[in-house]
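*Asks:* Below is one structure. I have some questions about it.
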Amino acid sequence: MTAIDEVFAPGGPIEKSLAGFEARPGQLQMAQLIERGFLEGMHTIVEAGTGVGKSLAYLVPALRSGKKIVISTGTIALQEQLYNKDIPLVTQALDIPARVTLLKGRNHYLCKQKLENMRADRLLAPSRKMQQMWEWGARTQTGDRAELPFLPAYDEWEQLDADADDCVGEYCEHFRECFFFKKRDEAKFADIVIVNHALFFLDLAMGGGLLPPYDYVILDEAHQCERWATAALTATLSRGTIGRMMRKLHRSYIVPGHFDAEFERGMRGFESALASVPGDRYPLHANESAWPALETMRDSLYKLENWLYASWHDALKRKPQNDAEAERRRDLAMRAILAHQATIERAQSPSDTAIAWVERSDADSSYQLNSAPYDVSEYLRAMLFERTQSVVLTSATIADTGSREGAFEFLKRSLGVAEAQELIAPSPFDYPSQARLYVAPPELNPKMPHFAKLAAPLVEECLDRSRGRAFVLFTSHARLREVYALLRERIPFPVRLQGELPRMHLLEWFRTTPNAVLFATATFWEGIDVVGEQLSCVIIDRLPFPSPGDPLVQARIESLEARGLSGFDNYMIPSAIVRLKQGFGRLVRSKNDRGMVALLDGRAASSRYGEQILRALPPATRITHLDELAGFFA
Ligand code: SF4
């Protein structure tokens with residue numbers, strides 16, 4: 001076989017297949033290291049910033065290995081890019097035929113049985129969208145809801161999706177043509193299976209069964225892994241989860257109406273108990289009045305469980321094919337009830353490794369109870385890193401220091417990676433000439449009561465220099481509104497505020513409106529792709545530390561301190577670094593892009609930790625006066 005460096009060399013197969021390809025040392029080093037990791041059974045961690053070409057750097061060794069590989073990413077955009085563009089390019093360049101499947105979670109696919117039942121129960125669709133889904137369901141060849149020209153409302157799609165809790169598997173008369181099972185079979189015979197982190201970590205949490213067995217794993221956008229692993233292990237009790245459980249039961253059984261009324265009363269009491277403590281996220285133990293409300297919910301769940309045991313066969317809505325199918329239906333229903341009981345029990349008995357917290361939804365102000373391990377490292381070590389021959393972790397932002405020494409300590413500690421080969425792939429960009437980092441004077445501190453008044457003129461001046469083309473990002477909604485109110489009438493460019501339009505429309509507006517300015521919260525920092533000059537300036541109000549009031553953050557910090565480690569140094573600082581680096585990734589996306597990050601938090605210039613954070617960022621030219629931008633945005 002050709003050596004891997006010849007694949008990427010001038011005149012090599014990649015250059016021949018990819019117009020405009022330029023050999024990049026960082027890309028080759030990354031590919032070499034990953035191939036070695038595959039051959040020698042080692043895990044590999046690579047930070048590869050924008051421009052390195054990381055997907056080709058892992059796809060080439062992946063396809064050359066001839067092994068079964070799962071590639072998991074955080075965003076649909078990257079999954080589609082791999083499936084439609086990068087993998088076909090590499091297979092063609094290397095002349096290695098490969099079977100590739102993009103597998104989504106069960107609830108992305110249509111359930112033929114649910115569709116048939118629903119149409120048998122109703123003459124007319126309950127809404128125009130549902131009518132369109134019925135028509136699509138009759139002709140689709142894939143059952144993938146992404147084919148729909150609209151995003152269906154959650155509670156409508158739930159009535160049609162292939163969710164496991166409604167599926168009787170081989171007892172279903174559509175089992176052989178089932179969209180989900182056909183796709184899963186395709187994945188069994190694929191060389192490369194592309195999934196998202198939600199599905200990957202859910203498969204891990206369930207002990208397998210969703211994904212076929214694999215040899216190696218590539219986790220791209222690996223800075224999101226801790227979040228997705230925690231989400232897969234999070235149990236939730238809310239109006240939404242109880243409603244879903246009851247709707248599932250109603251689909252299979254004739255459930256006495258008094259249960260709905262009892263759960264509705266119970267949830268009202270539970271939500272008002274949770275609302276009695278202020279805050280959007282707080283630990284459950286801070287709310288004494290939640291306990292009796294939880295007991296009431298638990299009693300109702302016991303009653304429902306007893307009813308189901310006593311009457312499951314008689315209450316079935318549709319005649320089952322046989323007793324085994326009826327039992328399968330009962331087990332599915334029971335699983336949903338027991339899962340809620342387990343959530344309550346977990347929340348009531350705190351452990352050393354898990355916490356329970358209350359969360360208020362931004363969308364509808366409803367409350368929910370969550371319970372999850374705050375530290376997933378032991379679990380991932382045992383379930384992933386010790387069981388898989390080689391795991392590749394890569395992202396544009398996973399190193400948490402400026403130096404190569406110990407650059408991945410934060411990632412390794414939070415994910416439970418004991419040993420790995422490591423690389424920070426050198427960037428092909430000339431950051432000192434392409435990027436500027438402005439840091440506000442030390443006296444500007446976001447903790448000051450008049451911060452908004454002092455920061456607003458700086459924001460105005462930055463926008464003036466960059467001629468708009470900017471995101472202005474805040475760590476709180478209140479601060480965002482304050483600064484926006486001060487500047488709204490003064491900015492001579494088209495301006496919009498987060499929330500004025502749905503997120504995708506807002507981004508489309510930003511991409512297509514010359515000199516646009518978007519005021520948003522820091523959630524707009526990640527997963528946003530605005531290529532070219534349109535985004536030339538990112539202004540951020542303060543160093544993006546995680547919120548110390550967040551119960552998961554609190555628990556992680558306390559756990560570090562109990563081990564004699566500083567929570568600030570080992571959690572808050574690395575988290576802020578990873579977040580800030582995302583900003584540079586948005587700004588500079590090609591050798592021709594130029595851009596500025598303006599940090600309005602003077603502590604970045606005046607404190608020990610501020611210097612540490614700035615040193616870890618790409619080597620943009622630091623400026624202390626906006627006059628130094630003269631000619632930069634010309
Ligand atoms: S096998 Fe399951 S998911 Fe597939 S159509 Fe039947 S019930 Fe629906």
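Scheme for the structure tokens: letters A, B, ... for chains in order shown; per-chain residue numbers from 1; ligand numbers from 1 in order shown.
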Residues of segment 570-610 of chain A classed as helix (DSSP H, G or I) by DSSP on the backbone are to be reported as a PDB file with C-alpha atoms, in the first residue's frame.
*Replies:*
```pdb
ATOM      1  CA  ASN A 570      -9.171  23.048  36.300  1.00  0.00           C
ATOM      2  CA  TYR A 571     -12.727  23.646  35.148  1.00  0.00           C
ATOM      3  CA  MET A 572     -13.677  27.304  34.745  1.00  0.00           C
ATOM      4  CA  ILE A 573     -10.548  28.451  32.890  1.00  0.00           C
ATOM      5  CA  PRO A 574     -10.314  25.519  30.429  1.00  0.00           C
ATOM      6  CA  SER A 575     -14.056  25.827  29.681  1.00  0.00           C
ATOM      7  CA  ALA A 576     -13.684  29.553  28.918  1.00  0.00           C
ATOM      8  CA  ILE A 577     -10.695  28.860  26.657  1.00  0.00           C
ATOM      9  CA  VAL A 578     -12.543  26.240  24.616  1.00  0.00           C
ATOM     10  CA  ARG A 579     -15.495  28.618  24.241  1.00  0.00           C
ATOM     11  CA  LEU A 580     -13.422  31.619  23.193  1.00  0.00           C
ATOM     12  CA  LYS A 581     -11.536  29.555  20.631  1.00  0.00           C
ATOM     13  CA  GLN A 582     -14.873  28.775  18.986  1.00  0.00           C
ATOM     14  CA  GLY A 583     -15.120  32.495  18.215  1.00  0.00           C
ATOM     15  CA  PHE A 584     -11.878  32.556  16.272  1.00  0.00           C
ATOM     16  CA  GLY A 585     -13.074  29.508  14.364  1.00  0.00           C
ATOM     17  CA  ARG A 586     -16.148  31.491  13.241  1.00  0.00           C
ATOM     18  CA  LEU A 587     -14.143  34.490  12.127  1.00  0.00           C
ATOM     19  CA  ARG A 603     -10.094  41.398  33.508  1.00  0.00           C
ATOM     20  CA  ALA A 604      -8.664  39.554  30.496  1.00  0.00           C
ATOM     21  CA  ALA A 605      -5.857  42.116  30.419  1.00  0.00           C
ATOM     22  CA  SER A 606      -5.352  42.643  34.128  1.00  0.00           C
ATOM     23  CA  ARG A 608      -3.416  36.165  35.985  1.00  0.00           C
ATOM     24  CA  TYR A 609      -6.180  33.952  34.616  1.00  0.00           C
ATOM     25  CA  GLY A 610      -6.972  36.499  31.880  1.00  0.00           C
TER      26      GLY A 610
END
```
*Asks:* Using only C-alpha atoms and all ligand atoms, what table do you get, as a tab-separated table, when you list each residue of chain A with an atom no more than 9 Å from ligand 1, its nearest pair of atoms, and their distance in Å rounded to one decimal, rows by chain then rising number?
*Replies:*
```
residue	atom	partner	partner_atom_place_in_ligand_line	distance
A:Arg106	CA	ligand 1	3 (S)	7.8
A:Tyr109	CA	ligand 1	3 (S)	8.0
A:Leu110	CA	ligand 1	3 (S)	7.3
A:Cys111	CA	ligand 1	8 (Fe)	3.8
A:Lys112	CA	ligand 1	5 (S)	4.2
A:Gln113	CA	ligand 1	5 (S)	4.6
A:Lys114	CA	ligand 1	8 (Fe)	6.2
A:Leu115	CA	ligand 1	8 (Fe)	8.5
A:Leu160	CA	ligand 1	8 (Fe)	8.5
A:Asp161	CA	ligand 1	3 (S)	7.4
A:Ala162	CA	ligand 1	3 (S)	4.0
A:Asp163	CA	ligand 1	3 (S)	6.6
A:Ala164	CA	ligand 1	3 (S)	7.0
A:Asp166	CA	ligand 1	7 (S)	6.4
A:Cys167	CA	ligand 1	2 (Fe)	3.8
A:Val168	CA	ligand 1	7 (S)	5.4
A:Gly169	CA	ligand 1	1 (S)	4.5
A:Glu170	CA	ligand 1	1 (S)	6.4
A:Tyr171	CA	ligand 1	1 (S)	7.7
A:Cys172	CA	ligand 1	6 (Fe)	4.6
A:Glu173	CA	ligand 1	6 (Fe)	6.6
A:His174	CA	ligand 1	6 (Fe)	5.0
A:Phe175	CA	ligand 1	1 (S)	4.1
A:Arg176	CA	ligand 1	1 (S)	7.6
A:Glu177	CA	ligand 1	5 (S)	7.5
A:Cys178	CA	ligand 1	4 (Fe)	4.2
A:Phe179	CA	ligand 1	4 (Fe)	6.4
A:Phe180	CA	ligand 1	4 (Fe)	6.1
A:Phe181	CA	ligand 1	4 (Fe)	6.5
A:Lys182	CA	ligand 1	4 (Fe)	9.0
```
*Asks:* Can I get the selected residues back with N, CA and C atoms, as a PDB file, in the first residue's frame?
*Replies:*
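Result file follows (selection_33.pdb):
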```pdb
ATOM      1  N   ARG A 106     -33.957   6.610  16.022  1.00  0.00           N
ATOM      2  CA  ARG A 106     -35.222   5.993  15.608  1.00  0.00           C
ATOM      3  C   ARG A 106     -36.305   7.030  15.333  1.00  0.00           C
ATOM      4  N   TYR A 109     -37.368   8.449  11.870  1.00  0.00           N
ATOM      5  CA  TYR A 109     -37.999   7.648  10.815  1.00  0.00           C
ATOM      6  C   TYR A 109     -39.496   7.470  11.070  1.00  0.00           C
ATOM      7  N   LEU A 110     -40.205   7.300   9.993  1.00  0.00           N
ATOM      8  CA  LEU A 110     -41.651   7.074  10.067  1.00  0.00           C
ATOM      9  C   LEU A 110     -41.930   5.630  10.480  1.00  0.00           C
ATOM     10  N   CYS A 111     -42.931   5.445  11.343  1.00  0.00           N
ATOM     11  CA  CYS A 111     -43.390   4.097  11.712  1.00  0.00           C
ATOM     12  C   CYS A 111     -44.623   3.778  10.861  1.00  0.00           C
ATOM     13  N   LYS A 112     -44.508   2.763  10.031  1.00  0.00           N
ATOM     14  CA  LYS A 112     -45.633   2.430   9.135  1.00  0.00           C
ATOM     15  C   LYS A 112     -46.848   1.969   9.932  1.00  0.00           C
ATOM     16  N   GLN A 113     -46.578   1.287  11.048  1.00  0.00           N
ATOM     17  CA  GLN A 113     -47.694   0.767  11.845  1.00  0.00           C
ATOM     18  C   GLN A 113     -48.498   1.906  12.475  1.00  0.00           C
ATOM     19  N   LYS A 114     -47.780   2.907  12.996  1.00  0.00           N
ATOM     20  CA  LYS A 114     -48.490   4.044  13.607  1.00  0.00           C
ATOM     21  C   LYS A 114     -49.311   4.778  12.559  1.00  0.00           C
ATOM     22  N   LEU A 115     -48.704   4.956  11.379  1.00  0.00           N
ATOM     23  CA  LEU A 115     -49.426   5.652  10.312  1.00  0.00           C
ATOM     24  C   LEU A 115     -50.695   4.882   9.961  1.00  0.00           C
ATOM     25  N   LEU A 160     -46.255   9.591  14.828  1.00  0.00           N
ATOM     26  CA  LEU A 160     -45.901   8.808  13.633  1.00  0.00           C
ATOM     27  C   LEU A 160     -44.491   8.230  13.686  1.00  0.00           C
ATOM     28  N   ASP A 161     -43.682   8.608  14.659  1.00  0.00           N
ATOM     29  CA  ASP A 161     -42.264   8.221  14.594  1.00  0.00           C
ATOM     30  C   ASP A 161     -42.034   6.779  15.055  1.00  0.00           C
ATOM     31  N   ALA A 162     -40.837   6.277  14.733  1.00  0.00           N
ATOM     32  CA  ALA A 162     -40.511   4.863  14.992  1.00  0.00           C
ATOM     33  C   ALA A 162     -39.888   4.670  16.375  1.00  0.00           C
ATOM     34  N   ASP A 163     -40.308   5.470  17.341  1.00  0.00           N
ATOM     35  CA  ASP A 163     -39.779   5.400  18.697  1.00  0.00           C
ATOM     36  C   ASP A 163     -39.840   3.971  19.259  1.00  0.00           C
ATOM     37  N   ALA A 164     -38.807   3.588  19.997  1.00  0.00           N
ATOM     38  CA  ALA A 164     -38.715   2.201  20.496  1.00  0.00           C
ATOM     39  C   ALA A 164     -39.869   1.840  21.414  1.00  0.00           C
ATOM     40  N   ASP A 166     -42.906   2.363  21.259  1.00  0.00           N
ATOM     41  CA  ASP A 166     -44.165   2.002  20.604  1.00  0.00           C
ATOM     42  C   ASP A 166     -43.993   0.812  19.662  1.00  0.00           C
ATOM     43  N   CYS A 167     -42.808   0.250  19.609  1.00  0.00           N
ATOM     44  CA  CYS A 167     -42.506  -0.725  18.549  1.00  0.00           C
ATOM     45  C   CYS A 167     -42.494  -2.157  19.085  1.00  0.00           C
ATOM     46  N   VAL A 168     -43.270  -3.028  18.436  1.00  0.00           N
ATOM     47  CA  VAL A 168     -43.291  -4.432  18.881  1.00  0.00           C
ATOM     48  C   VAL A 168     -42.344  -5.291  18.037  1.00  0.00           C
ATOM     49  N   GLY A 169     -41.475  -4.640  17.269  1.00  0.00           N
ATOM     50  CA  GLY A 169     -40.420  -5.345  16.534  1.00  0.00           C
ATOM     51  C   GLY A 169     -40.952  -6.428  15.617  1.00  0.00           C
ATOM     52  N   GLU A 170     -40.441  -7.637  15.782  1.00  0.00           N
ATOM     53  CA  GLU A 170     -40.777  -8.706  14.824  1.00  0.00           C
ATOM     54  C   GLU A 170     -42.250  -9.087  14.839  1.00  0.00           C
ATOM     55  N   TYR A 171     -43.013  -8.635  15.854  1.00  0.00           N
ATOM     56  CA  TYR A 171     -44.457  -8.928  15.864  1.00  0.00           C
ATOM     57  C   TYR A 171     -45.241  -7.934  14.998  1.00  0.00           C
ATOM     58  N   CYS A 172     -44.562  -6.920  14.517  1.00  0.00           N
ATOM     59  CA  CYS A 172     -45.238  -5.923  13.680  1.00  0.00           C
ATOM     60  C   CYS A 172     -45.371  -6.468  12.264  1.00  0.00           C
ATOM     61  N   GLU A 173     -46.536  -6.246  11.659  1.00  0.00           N
ATOM     62  CA  GLU A 173     -46.711  -6.795  10.303  1.00  0.00           C
ATOM     63  C   GLU A 173     -45.876  -6.057   9.263  1.00  0.00           C
ATOM     64  N   HIS A 174     -45.331  -4.876   9.639  1.00  0.00           N
ATOM     65  CA  HIS A 174     -44.493  -4.130   8.689  1.00  0.00           C
ATOM     66  C   HIS A 174     -43.001  -4.313   8.977  1.00  0.00           C
ATOM     67  N   PHE A 175     -42.713  -5.250   9.853  1.00  0.00           N
ATOM     68  CA  PHE A 175     -41.324  -5.388  10.316  1.00  0.00           C
ATOM     69  C   PHE A 175     -40.330  -5.491   9.150  1.00  0.00           C
ATOM     70  N   ARG A 176     -40.681  -6.300   8.145  1.00  0.00           N
ATOM     71  CA  ARG A 176     -39.734  -6.526   7.036  1.00  0.00           C
ATOM     72  C   ARG A 176     -39.499  -5.265   6.205  1.00  0.00           C
ATOM     73  N   GLU A 177     -40.515  -4.417   6.095  1.00  0.00           N
ATOM     74  CA  GLU A 177     -40.308  -3.193   5.295  1.00  0.00           C
ATOM     75  C   GLU A 177     -40.117  -1.965   6.177  1.00  0.00           C
ATOM     76  N   CYS A 178     -39.908  -2.182   7.460  1.00  0.00           N
ATOM     77  CA  CYS A 178     -39.804  -1.040   8.385  1.00  0.00           C
ATOM     78  C   CYS A 178     -38.600  -0.164   8.012  1.00  0.00           C
ATOM     79  N   PHE A 179     -38.846   1.138   7.878  1.00  0.00           N
ATOM     80  CA  PHE A 179     -37.778   2.047   7.457  1.00  0.00           C
ATOM     81  C   PHE A 179     -36.591   1.992   8.425  1.00  0.00           C
ATOM     82  N   PHE A 180     -36.903   2.037   9.736  1.00  0.00           N
ATOM     83  CA  PHE A 180     -35.804   2.070  10.704  1.00  0.00           C
ATOM     84  C   PHE A 180     -35.016   0.769  10.678  1.00  0.00           C
ATOM     85  N   PHE A 181     -35.707  -0.381  10.701  1.00  0.00           N
ATOM     86  CA  PHE A 181     -34.974  -1.653  10.758  1.00  0.00           C
ATOM     87  C   PHE A 181     -34.195  -1.910   9.464  1.00  0.00           C
ATOM     88  N   LYS A 182     -34.741  -1.445   8.333  1.00  0.00           N
ATOM     89  CA  LYS A 182     -33.997  -1.610   7.079  1.00  0.00           C
ATOM     90  C   LYS A 182     -32.696  -0.794   7.131  1.00  0.00           C
TER      91      LYS A 182
END
```
*Asks:* Restricting the calculation to only C-alpha atoms, which member of A:Pro149, A:Pro278, A:Pro428, A:Pro88 is positioned closest to Pro25 of chain A?
*Replies:*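 Under the stated criterion, the closest residue is A:Pro428.
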*Asks:* For Lys453 of chain A, which of A:Ala616, A:Val483, A:His477, A:Phe263 is the closest residue, counting only C-alpha atoms?
*Replies:*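 Selected residue with least distance to Lys453 of chain A: A:Val483.
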*Asks:* Using backbone DSSP assignments, extract all strand (DSSP E) residues from segment 349-510 of chain A; output them as a VMD selection string.
*Replies:* chain A and resid 354 to 360 367 to 373 390 to 395 421 to 425 435 to 439 470 to 474 495 to 497
*Asks:* Could you please take those selected residues and save N, CA and C atoms as a compact mmCIF listing (two decimals), in the first residue's frame?
*Replies:*
```txt
# COMPACT_ATOMS: atom_id res chain seq x y z
N ALA A 354 -23.98 11.49 41.30
CA ALA A 354 -25.08 12.04 40.49
C ALA A 354 -25.76 13.18 41.25
N ILE A 355 -26.40 14.07 40.50
CA ILE A 355 -27.16 15.13 41.15
C ILE A 355 -28.54 15.25 40.50
N ALA A 356 -29.46 15.86 41.25
CA ALA A 356 -30.79 16.14 40.69
C ALA A 356 -30.96 17.65 40.69
N TRP A 357 -31.49 18.17 39.61
CA TRP A 357 -31.69 19.61 39.54
C TRP A 357 -32.98 19.96 38.81
N VAL A 358 -33.42 21.19 39.07
CA VAL A 358 -34.66 21.68 38.47
C VAL A 358 -34.28 22.65 37.36
N GLU A 359 -35.02 22.61 36.28
CA GLU A 359 -34.70 23.48 35.15
C GLU A 359 -35.99 24.10 34.62
N ARG A 360 -35.94 25.39 34.33
CA ARG A 360 -37.12 26.06 33.77
C ARG A 360 -36.88 26.28 32.29
N TYR A 367 -41.48 23.69 34.15
CA TYR A 367 -40.37 23.21 34.97
C TYR A 367 -40.16 21.72 34.75
N GLN A 368 -38.91 21.29 34.87
CA GLN A 368 -38.67 19.86 34.81
C GLN A 368 -37.62 19.46 35.84
N LEU A 369 -37.70 18.19 36.21
CA LEU A 369 -36.72 17.65 37.15
C LEU A 369 -35.76 16.76 36.36
N ASN A 370 -34.46 16.96 36.54
CA ASN A 370 -33.47 16.12 35.87
C ASN A 370 -32.59 15.45 36.89
N SER A 371 -32.08 14.31 36.52
CA SER A 371 -31.09 13.68 37.38
C SER A 371 -30.04 13.03 36.47
N ALA A 372 -28.76 13.25 36.80
CA ALA A 372 -27.69 12.76 35.92
C ALA A 372 -26.38 12.67 36.70
N PRO A 373 -25.46 11.83 36.22
CA PRO A 373 -24.12 11.88 36.81
C PRO A 373 -23.44 13.18 36.38
N SER A 390 -9.39 1.66 19.19
CA SER A 390 -8.84 2.99 18.94
C SER A 390 -9.98 4.00 18.81
N VAL A 391 -9.91 5.05 19.63
CA VAL A 391 -10.90 6.14 19.54
C VAL A 391 -10.15 7.40 19.14
N VAL A 392 -10.65 8.09 18.13
CA VAL A 392 -10.06 9.37 17.73
C VAL A 392 -10.96 10.48 18.24
N LEU A 393 -10.39 11.43 18.98
CA LEU A 393 -11.14 12.60 19.44
C LEU A 393 -10.56 13.81 18.72
N THR A 394 -11.39 14.50 17.98
CA THR A 394 -10.86 15.67 17.27
C THR A 394 -11.86 16.81 17.26
N SER A 395 -11.35 18.02 17.16
CA SER A 395 -12.19 19.22 17.13
C SER A 395 -11.28 20.39 16.83
N GLN A 421 -2.23 9.28 22.14
CA GLN A 421 -1.25 10.09 21.41
C GLN A 421 -1.92 11.43 21.11
N GLU A 422 -1.13 12.49 21.13
CA GLU A 422 -1.74 13.82 21.06
C GLU A 422 -1.06 14.69 20.00
N LEU A 423 -1.86 15.56 19.42
CA LEU A 423 -1.30 16.48 18.43
C LEU A 423 -2.14 17.75 18.38
N ILE A 424 -1.45 18.90 18.32
CA ILE A 424 -2.14 20.13 17.91
C ILE A 424 -1.66 20.39 16.49
N ALA A 425 -2.53 20.16 15.52
CA ALA A 425 -2.12 20.28 14.12
C ALA A 425 -1.88 21.75 13.80
N ALA A 435 -5.91 38.23 11.90
CA ALA A 435 -6.85 38.45 13.01
C ALA A 435 -6.31 39.44 14.04
N ARG A 436 -7.23 40.19 14.62
CA ARG A 436 -6.89 41.11 15.70
C ARG A 436 -7.70 40.72 16.93
N LEU A 437 -7.05 40.85 18.08
CA LEU A 437 -7.75 40.62 19.34
C LEU A 437 -7.68 41.91 20.15
N TYR A 438 -8.82 42.54 20.29
CA TYR A 438 -8.87 43.77 21.09
C TYR A 438 -9.36 43.41 22.50
N VAL A 439 -8.61 43.86 23.50
CA VAL A 439 -9.05 43.64 24.88
C VAL A 439 -9.28 45.00 25.53
N ALA A 470 -21.09 42.12 12.10
CA ALA A 470 -20.65 41.71 13.43
C ALA A 470 -21.71 40.95 14.22
N PHE A 471 -21.23 40.05 15.07
CA PHE A 471 -22.05 39.49 16.14
C PHE A 471 -21.67 40.23 17.42
N VAL A 472 -22.65 40.68 18.18
CA VAL A 472 -22.39 41.27 19.48
C VAL A 472 -23.01 40.31 20.51
N LEU A 473 -22.16 39.62 21.24
CA LEU A 473 -22.64 38.49 22.06
C LEU A 473 -22.55 38.78 23.56
N PHE A 474 -23.58 38.37 24.28
CA PHE A 474 -23.66 38.65 25.71
C PHE A 474 -23.88 37.35 26.47
N VAL A 495 -29.72 46.18 11.98
CA VAL A 495 -29.49 45.50 13.26
C VAL A 495 -30.67 44.60 13.59
N ARG A 496 -30.39 43.45 14.12
CA ARG A 496 -31.46 42.59 14.64
C ARG A 496 -31.05 42.02 15.98
N LEU A 497 -32.07 41.56 16.70
CA LEU A 497 -31.88 41.06 18.06
C LEU A 497 -32.32 39.60 18.08
```
*Asks:* Show me, as a ChimeraX atom specification, the residues that have an atom within 10 Å of Leu308 of chain A when counting only C-alpha atoms, minus same-chain residues fewer than 5 positions from it.
*Replies:* /A:249,253,255,302-303,313-315,330-331,333-334,337
*Asks:* The selected residues should be written to file as a CSV table (one decimal), in the first residue's frame (atoms: C-alpha atoms).
*Replies:*
```
chain,number,residue,atom,x,y,z
A,249,LEU,CA,-50.5,4.2,26.8
A,253,TYR,CA,-54.8,0.6,25.7
A,255,VAL,CA,-56.9,3.8,29.8
A,302,TYR,CA,-47.8,3.1,41.2
A,303,LYS,CA,-51.5,3.1,40.7
A,313,HIS,CA,-54.9,-7.9,28.2
A,314,ASP,CA,-58.6,-6.8,28.5
A,315,ALA,CA,-57.7,-3.2,27.9
A,330,ARG,CA,-47.3,-4.4,28.1
A,331,ASP,CA,-43.6,-4.5,28.7
A,333,ALA,CA,-45.8,0.5,28.5
A,334,MET,CA,-44.4,-0.7,31.8
A,337,ILE,CA,-43.9,3.9,33.8
```
*Asks:* Restricting the calculation to only C-alpha atoms: of A:Phe270, A:Trp228, A:Phe524, A:Trp307, which residue gets closest to His258 of chain A?
*Replies:*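 Nearest to His258 of chain A: A:Trp307.
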*Asks:* Can you tell me, as a PyMOL selection string, what residues are no more than 7 Å from Ala440 of chain A when counting only C-alpha atoms, ignoring any on the same chain fewer than 3 positions away?
*Replies:* chain A and resi 444+599-602+624
